[in-house]
file entry-v1.txt (compact mmCIF, C-alpha atoms)
# COMPACT_ATOMS: atom_id res chain seq x y z
CA MET A 1 87.78 -5.63 -26.04
CA THR A 2 85.07 -3.74 -27.74
CA THR A 3 82.88 -6.83 -27.91
CA THR A 4 83.40 -7.48 -24.20
CA MET A 5 82.46 -3.92 -23.29
CA ARG A 6 79.33 -4.10 -25.39
CA TYR A 7 78.36 -7.34 -23.72
CA LEU A 8 78.86 -5.90 -20.26
CA LEU A 9 76.86 -2.80 -21.11
CA SER A 10 73.97 -4.81 -22.51
CA SER A 11 74.00 -7.12 -19.49
CA THR A 12 74.03 -4.17 -17.10
CA THR A 13 71.18 -2.52 -18.97
CA ALA A 14 69.11 -5.70 -18.83
CA VAL A 15 69.69 -6.07 -15.11
CA VAL A 16 68.69 -2.45 -14.49
CA VAL A 17 65.49 -2.88 -16.49
CA VAL A 18 64.57 -6.08 -14.63
CA LEU A 19 65.24 -4.48 -11.25
CA SER A 20 63.16 -1.44 -12.22
CA LEU A 21 60.24 -3.64 -13.20
CA LEU A 22 60.48 -5.54 -9.93
CA MET A 23 60.49 -2.30 -7.94
CA VAL A 24 57.42 -1.04 -9.80
CA LEU A 25 55.54 -4.27 -9.17
CA LEU A 26 56.47 -4.31 -5.50
CA CYS A 27 55.69 -0.66 -4.87
CA THR A 28 52.40 -0.47 -6.80
CA PRO A 29 49.49 -1.65 -4.58
CA THR A 30 47.01 -4.07 -5.99
CA ALA A 31 43.28 -3.26 -6.24
CA GLU A 32 42.59 -5.34 -3.15
CA ALA A 33 45.30 -3.59 -1.17
CA THR A 34 44.05 -0.21 -2.34
CA ASN A 35 40.46 -0.89 -1.26
CA LYS A 36 41.44 -2.71 1.90
CA GLY A 37 42.26 0.34 3.98
CA SER A 38 40.58 3.20 2.13
CA VAL A 39 37.14 4.73 1.84
CA ILE A 40 35.13 3.38 -1.12
CA THR A 41 33.38 6.11 -3.09
CA LEU A 42 29.79 5.18 -3.96
CA THR A 43 27.73 6.80 -6.72
CA GLU A 44 24.30 6.51 -8.34
CA ASP A 45 25.58 3.60 -10.41
CA SER A 46 27.42 1.69 -7.68
CA TRP A 47 25.34 2.28 -4.53
CA SER A 48 23.72 -1.17 -4.88
CA ASP A 49 27.09 -2.72 -3.94
CA MET A 50 26.22 -2.06 -0.30
CA LEU A 51 23.25 -4.44 -0.51
CA SER A 52 25.62 -7.37 0.01
CA GLY A 53 27.95 -7.75 2.97
CA GLU A 54 28.43 -5.33 5.85
CA TRP A 55 28.98 -1.62 5.26
CA MET A 56 29.33 1.67 7.07
CA VAL A 57 28.45 4.52 4.70
CA GLU A 58 28.77 8.27 5.24
CA PHE A 59 26.72 10.85 3.35
CA PHE A 60 28.57 14.15 3.15
CA ALA A 61 28.95 17.38 1.21
CA PRO A 62 32.27 19.12 0.51
CA TRP A 63 30.93 22.47 1.79
CA CYS A 64 29.73 20.99 5.12
CA PRO A 65 31.99 21.96 8.08
CA ALA A 66 30.88 18.96 10.19
CA CYS A 67 31.67 16.65 7.28
CA ARG A 68 35.17 18.09 6.94
CA ALA A 69 35.70 17.65 10.68
CA LEU A 70 34.65 14.00 10.44
CA GLN A 71 36.86 13.19 7.45
CA LYS A 72 39.99 12.40 9.49
CA ASP A 73 38.19 9.96 11.82
CA TRP A 74 36.32 8.38 8.91
CA ASN A 75 39.53 7.74 6.99
CA SER A 76 41.11 6.32 10.13
CA PHE A 77 38.10 4.05 10.64
CA ALA A 78 38.50 2.83 7.05
CA THR A 79 41.94 1.43 7.94
CA TRP A 80 40.15 -0.99 10.29
CA SER A 81 37.85 -2.27 7.56
CA HIS A 82 39.95 -5.38 6.82
CA ASP A 83 40.26 -6.34 10.50
CA LEU A 84 36.53 -5.81 11.09
CA SER A 85 35.54 -7.57 7.84
CA ILE A 86 33.46 -4.64 6.67
CA LYS A 87 33.58 -2.03 3.95
CA VAL A 88 33.62 1.70 4.59
CA GLY A 89 32.02 3.93 1.97
CA ALA A 90 31.19 7.56 1.35
CA VAL A 91 28.59 9.33 -0.83
CA ASP A 92 28.88 12.93 -2.01
CA VAL A 93 25.27 14.15 -2.01
CA THR A 94 26.09 17.16 -4.18
CA ALA A 95 27.27 14.87 -6.98
CA ASN A 96 24.60 12.23 -6.29
CA PRO A 97 21.34 14.04 -5.37
CA GLY A 98 19.27 10.95 -6.13
CA LEU A 99 20.95 9.05 -3.30
CA SER A 100 20.20 11.82 -0.80
CA GLY A 101 16.52 11.38 -1.65
CA ARG A 102 16.71 7.60 -1.69
CA PHE A 103 18.22 7.53 1.83
CA LEU A 104 16.16 10.49 3.14
CA VAL A 105 19.24 12.46 4.11
CA THR A 106 18.01 15.48 6.06
CA GLN A 107 21.23 16.42 7.85
CA LEU A 108 24.94 16.14 7.18
CA PRO A 109 26.86 14.07 7.83
CA THR A 110 24.49 11.07 7.93
CA ILE A 111 25.88 7.59 8.55
CA TYR A 112 24.19 4.28 7.77
CA HIS A 113 25.09 0.76 8.81
CA VAL A 114 24.10 -1.84 6.20
CA LYS A 115 24.07 -5.58 6.80
CA ASP A 116 22.91 -7.82 3.93
CA GLY A 117 20.53 -5.18 2.61
CA VAL A 118 19.11 -4.16 6.02
CA PHE A 119 19.65 -0.46 6.73
CA ARG A 120 20.09 1.16 10.14
CA GLN A 121 20.99 4.77 10.79
CA TYR A 122 24.01 5.31 13.04
CA LYS A 123 23.31 7.85 15.80
CA GLY A 124 26.29 7.38 18.09
CA THR A 125 29.48 9.31 18.71
CA ARG A 126 31.40 10.28 15.59
CA ASP A 127 34.97 9.21 16.20
CA THR A 128 37.16 6.26 15.23
CA ASN A 129 36.90 4.38 18.53
CA ALA A 130 33.10 4.67 18.59
CA PHE A 131 32.86 3.37 15.03
CA VAL A 132 35.13 0.40 15.79
CA SER A 133 33.24 -0.47 18.99
CA TYR A 134 29.92 -0.20 17.14
CA ILE A 135 31.05 -2.97 14.77
CA GLU A 136 32.99 -5.12 17.23
CA GLU A 137 30.23 -5.17 19.86
CA LYS A 138 27.50 -5.43 17.19
CA SER A 139 25.69 -2.50 18.72
CA TRP A 140 23.81 -2.10 15.45
CA GLN A 141 21.60 -5.02 16.52
CA LYS A 142 20.03 -2.75 19.15
CA ALA A 143 18.98 -0.17 16.58
CA ASP A 144 15.68 -0.43 14.71
CA PRO A 145 16.09 -1.11 11.00
CA VAL A 146 14.59 1.17 8.41
CA SER A 147 11.02 0.15 7.51
CA LEU A 148 10.33 -1.66 4.27
CA TRP A 149 8.41 1.33 2.88
CA THR A 150 11.30 3.76 3.38
CA ALA A 151 14.10 1.31 2.66
CA PRO A 152 16.47 2.74 0.01
CA ASP A 153 15.91 -0.26 -2.28
CA SER A 154 12.08 0.02 -2.15
CA ILE A 155 9.95 1.18 -5.08
CA LEU A 156 8.73 4.23 -3.14
CA MET A 157 12.23 5.53 -2.44
CA SER A 158 13.25 4.83 -6.03
CA VAL A 159 10.49 7.21 -7.14
CA VAL A 160 11.62 9.78 -4.55
CA SER A 161 15.19 9.57 -5.85
CA TYR A 162 14.00 10.39 -9.37
CA PHE A 163 12.15 13.44 -8.05
CA PHE A 164 15.35 14.59 -6.37
CA LYS A 165 17.23 14.16 -9.64
CA ILE A 166 14.61 16.20 -11.48
CA SER A 167 14.73 18.96 -8.86
CA MET A 168 18.51 19.20 -9.08
CA ALA A 169 18.36 19.24 -12.87
CA LEU A 170 15.83 22.11 -12.75
CA ARG A 171 18.06 23.95 -10.32
CA ALA A 172 21.00 23.55 -12.67
CA VAL A 173 18.90 24.92 -15.55
CA HIS A 174 17.86 27.89 -13.38
CA ASN A 175 21.46 28.66 -12.47
CA ARG A 176 22.51 28.44 -16.10
CA LEU A 177 19.74 30.80 -17.22
CA VAL A 178 20.71 33.34 -14.56
CA GLU A 179 24.50 33.07 -14.71
CA ASP A 180 25.24 32.21 -18.35
CA TYR A 181 22.41 34.00 -20.17
CA GLY A 182 21.92 36.91 -17.78
CA ILE A 183 18.20 36.35 -17.28
CA PRO A 184 16.94 37.88 -14.00
CA TYR A 185 15.55 35.64 -11.28
CA TRP A 186 11.94 36.73 -11.88
CA GLY A 187 12.36 36.02 -15.61
CA SER A 188 13.59 32.51 -14.84
CA TYR A 189 10.60 31.94 -12.55
CA ILE A 190 8.19 33.12 -15.26
CA ILE A 191 9.76 30.73 -17.77
CA PHE A 192 9.42 27.83 -15.32
CA ALA A 193 5.79 28.78 -14.61
CA LEU A 194 4.88 28.86 -18.31
CA VAL A 195 6.63 25.57 -18.95
CA THR A 196 4.81 24.02 -15.97
CA ILE A 197 1.41 25.20 -17.25
CA LEU A 198 2.17 23.92 -20.74
CA CYS A 199 3.31 20.53 -19.44
CA GLY A 200 0.20 20.28 -17.25
CA ALA A 201 -2.08 21.03 -20.20
CA ILE A 202 -0.34 18.47 -22.40
CA LEU A 203 -0.43 15.88 -19.63
CA GLY A 204 -4.14 16.49 -19.02
CA LEU A 205 -4.87 16.11 -22.74
CA LEU A 206 -2.95 12.85 -22.85
CA ILE A 207 -4.83 11.51 -19.82
CA VAL A 208 -8.18 12.35 -21.43
CA CYS A 209 -7.14 10.64 -24.67
CA VAL A 210 -5.99 7.55 -22.81
CA ILE A 211 -9.27 7.35 -20.88
CA ASP A 212 -11.25 7.70 -24.11
CA LEU A 213 -9.22 4.90 -25.67
CA LEU A 214 -9.45 2.56 -22.70
CA PHE A 215 -13.11 3.07 -21.74
CA PRO A 216 -15.08 4.06 -24.85
CA THR A 217 -17.82 1.39 -24.62
CA LYS A 218 -18.70 2.15 -21.04
CA MET A 219 -19.22 5.82 -21.75
CA VAL A 220 -21.47 5.07 -24.76
CA ASP A 221 -23.54 2.65 -22.68
CA GLU A 222 -23.98 5.24 -19.97
CA SER A 223 -25.15 7.82 -22.52
CA LYS A 224 -27.62 5.30 -23.97
CA GLU A 225 -28.94 4.54 -20.51
CA ARG A 226 -29.43 8.22 -19.82
CA LEU A 227 -31.31 8.72 -23.10
CA GLN A 228 -33.46 5.65 -22.43
CA SER A 229 -34.30 6.81 -18.92
CA SER A 230 -35.20 10.30 -20.16
CA SER A 231 -37.46 8.84 -22.90
CA ASP A 232 -39.12 6.54 -20.35
CA LYS A 233 -39.83 9.52 -18.12
CA LYS A 234 -41.37 11.38 -21.05
CA ASP A 235 -43.60 8.39 -21.88
CA VAL A 236 -44.74 8.15 -18.27
CA LYS A 237 -45.60 11.83 -18.23
CA GLU A 238 -47.57 11.54 -21.49
CA ASP A 239 -49.47 8.51 -20.16
CA ASP A 240 -50.30 10.36 -16.96
CA THR A 241 -51.52 13.38 -18.95
CA THR A 242 -53.71 11.17 -21.20
CA ASP A 243 -55.22 9.40 -18.21
CA LEU A 244 -55.95 12.70 -16.55
CA ILE A 245 -57.69 14.05 -19.67
CA ASP A 246 -59.77 10.85 -20.00
CA ASP A 247 -60.79 11.07 -16.35
CA ARG A 248 -61.87 14.66 -16.77
CA ASN A 249 -63.85 13.87 -19.96
CA GLN A 250 -65.58 10.97 -18.23
CA GLU A 251 -66.48 13.16 -15.28
CA GLY A 252 -67.91 15.77 -17.67
CA GLU A 253 -70.04 13.18 -19.47
CA GLU A 254 -71.37 11.85 -16.20
CA GLU A 255 -72.30 15.36 -15.10
CA GLU A 256 -74.12 15.94 -18.43
CA ILE A 257 -76.05 12.66 -18.09
CA ASP A 258 -77.01 13.54 -14.54
CA GLY A 259 -78.24 16.93 -15.77
CA VAL A 260 -80.32 15.37 -18.52
CA ASP A 261 -81.86 12.90 -16.08
CA ASN A 262 -82.80 15.70 -13.70
CA ASP A 263 -84.41 17.70 -16.52
CA SER A 264 -86.48 14.71 -17.68
CA ASP A 265 -87.72 14.09 -14.14
CA ASP A 266 -88.88 17.71 -13.82
CA THR A 267 -90.70 17.54 -17.18
CA LYS A 268 -92.54 14.35 -16.20
CA GLY A 269 -93.67 15.93 -12.94
CA GLU A 270 -95.00 19.00 -14.72
CA LEU A 271 -97.00 16.84 -17.16
CA ARG A 272 -98.54 14.85 -14.33
CA ARG A 273 -99.65 18.01 -12.54
CA ARG A 274 -101.27 19.36 -15.72
CA HIS A 275 -103.08 16.07 -16.35
CA LYS A 276 -104.44 16.06 -12.80
CA ARG A 277 -105.70 19.63 -13.13
CA SER A 278 -107.53 18.84 -16.40
CA GLN A 279 -109.33 15.91 -14.78
CA GLU A 280 -110.47 18.04 -11.84
CA SER A 281 -111.88 20.72 -14.19
CA ASP A 282 -113.95 18.10 -16.09
CA ASN A 283 -115.47 16.85 -12.88
call {"tool": "encode", "arguments": {"input": "entry-v1.txt", "output": "structure tokens"}}
result
Amino acid sequence: MTTTMRYLLSSTTAVVVVLSLLMVLLCTPTAEATNKGSVITLTEDSWSDMLSGEWMVEFFAPWCPACRALQKDWNSFATWSHDLSIKVGAVDVTANPGLSGRFLVTQLPTIYHVKDGVFRQYKGTRDTNAFVSYIEEKSWQKADPVSLWTAPDSILMSVVSYFFKISMALRAVHNRLVEDYGIPYWGSYIIFALVTILCGAILGLLIVCVIDLLFPTKMVDESKERLQSSSDKKDVKEDDTTDLIDDRNQEGEEEEIDGVDNDSDDTKGELRRRHKRSQESDN
């Protein structure tokens, strides 16, 4: 009897465990089922997922009233993602400031339609029916795509995104200095100004060093050319001065010779007159 009871208890326990496992497996949604009807959260690391396939992506901030008002319709639109063969995503710009710069988000909420890496900004009505019609009727084909220069995956916008990250990091440092360390606002600004001046001086010094390393020969050649040209100018001036002196000396000698010739002519004339007078007196 005891053996039979133990057997029944063990069998019952095994059945209960198996049924529990089956219930867990049936009730727990798979990853595909979870993503199929929900909004996909995109971050700095995963935003490139939208470059393949068709997406509708919302850029929002938790403090934005218009974003909170849109949340219900956006979640409802996400339930249509499987039927429309698209993916619905969302980006929190407060947690991902680089993406707000990369996509040039100037107002909230901002919605983009992405098709195989081509970006178009959605500017229609913000409700579930309008979103569904926009995809079903392919109204996005009527909108102009974002230019190549300002496309989020371009080099230019990648640089802009890094500047946005730096600005947000500096803002976080400012808030920490003011709130955690009790430094006044003007003190924080002075610290940032000094750091900026120091960084600028160091950067300028590095640029000068790099230029000196990359173009040393050219600068030496230019200095040699300048010295050569200055020496040539000096030689030309000296030659001109020498020529001028020689010309003046020659002119002086010619004047002296002319003077001597004139004197000799006068002397000869005087002698002739005297000789003529002596002859007349003899006669």
call {"tool": "residues_around", "arguments": {"input": "entry-v1.txt", "residues": "Gly53 in chain A", "least_positions_apart": "5", "cutoff": "12 Å", "atoms": "all atoms listed in the file", "output": "number ranges by chain"}}
result
A: 48, 84-88, 113-119
call {"tool": "closest_residue", "arguments": {"input": "entry-v1.txt", "among": "A:Thr196, A:Ser167, A:Ser154, A:Asn175", "to": "Arg102 in chain A", "atoms": "only C-alpha atoms"}}
result
A:Ser154
call {"tool": "atom_distance", "arguments": {"input": "entry-v1.txt", "atom1": "CA of Leu203 in chain A", "atom2": "CA of Pro216 in chain A"}}
result
19.5 Å
call {"tool": "residues_around", "arguments": {"input": "entry-v1.txt", "residues": "Ala90 in chain A", "least_positions_apart": "5", "cutoff": "10 Å", "atoms": "all atoms listed in the file", "output": "mmCIF file with C-alpha atoms, in the coordinates of the input"}}
result
data_model
loop_
_atom_site.group_PDB
_atom_site.id
_atom_site.type_symbol
_atom_site.label_atom_id
_atom_site.label_comp_id
_atom_site.auth_asym_id
_atom_site.auth_seq_id
_atom_site.Cartn_x
_atom_site.Cartn_y
_atom_site.Cartn_z
ATOM 1 C CA VAL A 39 37.140 4.730 1.840
ATOM 2 C CA ILE A 40 35.130 3.380 -1.120
ATOM 3 C CA THR A 41 33.380 6.110 -3.090
ATOM 4 C CA LEU A 42 29.790 5.180 -3.960
ATOM 5 C CA THR A 43 27.730 6.800 -6.720
ATOM 6 C CA TRP A 47 25.340 2.280 -4.530
ATOM 7 C CA MET A 56 29.330 1.670 7.070
ATOM 8 C CA VAL A 57 28.450 4.520 4.700
ATOM 9 C CA GLU A 58 28.770 8.270 5.240
ATOM 10 C CA PHE A 59 26.720 10.850 3.350
ATOM 11 C CA PHE A 60 28.570 14.150 3.150
ATOM 12 C CA TRP A 74 36.320 8.380 8.910
ATOM 13 C CA ILE A 111 25.880 7.590 8.550
#
call {"tool": "closest_residue", "arguments": {"input": "entry-v1.txt", "among": "A:Leu205, A:Val105, A:Val195, A:Ser76", "to": "Thr150 in chain A", "atoms": "all atoms listed in the file"}}
result
A:Val105
call {"tool": "atom_distance", "arguments": {"input": "entry-v1.txt", "atom1": "CA of Val178 in chain A", "atom2": "CA of Leu108 in chain A"}}
result
28.0 Å
call {"tool": "axis_aligned_box", "arguments": {"input": "entry-v1.txt", "around": "range 195-214 of chain A", "padding_each_side": "8 Å", "output": "JSON"}}
result
{"center_x": -2.3, "center_y": 14.1, "center_z": -20.8, "size_x": 33.9, "size_y": 39.0, "size_z": 25.7}
call {"tool": "atom_distance", "arguments": {"input": "entry-v1.txt", "atom1": "CA of Gly187 in chain A", "atom2": "CA of Tyr162 in chain A"}}
result
26.4 Å
call {"tool": "residues_near_point", "arguments": {"input": "entry-v1.txt", "point": "(16.7, 12.9, 2.4)", "cutoff": "12 Å", "atoms": "all atoms listed in the file", "output": "PyMOL selection string"}}
result
chain A and resi 59-60+93+96-110+150-152+157+160-161+163-164
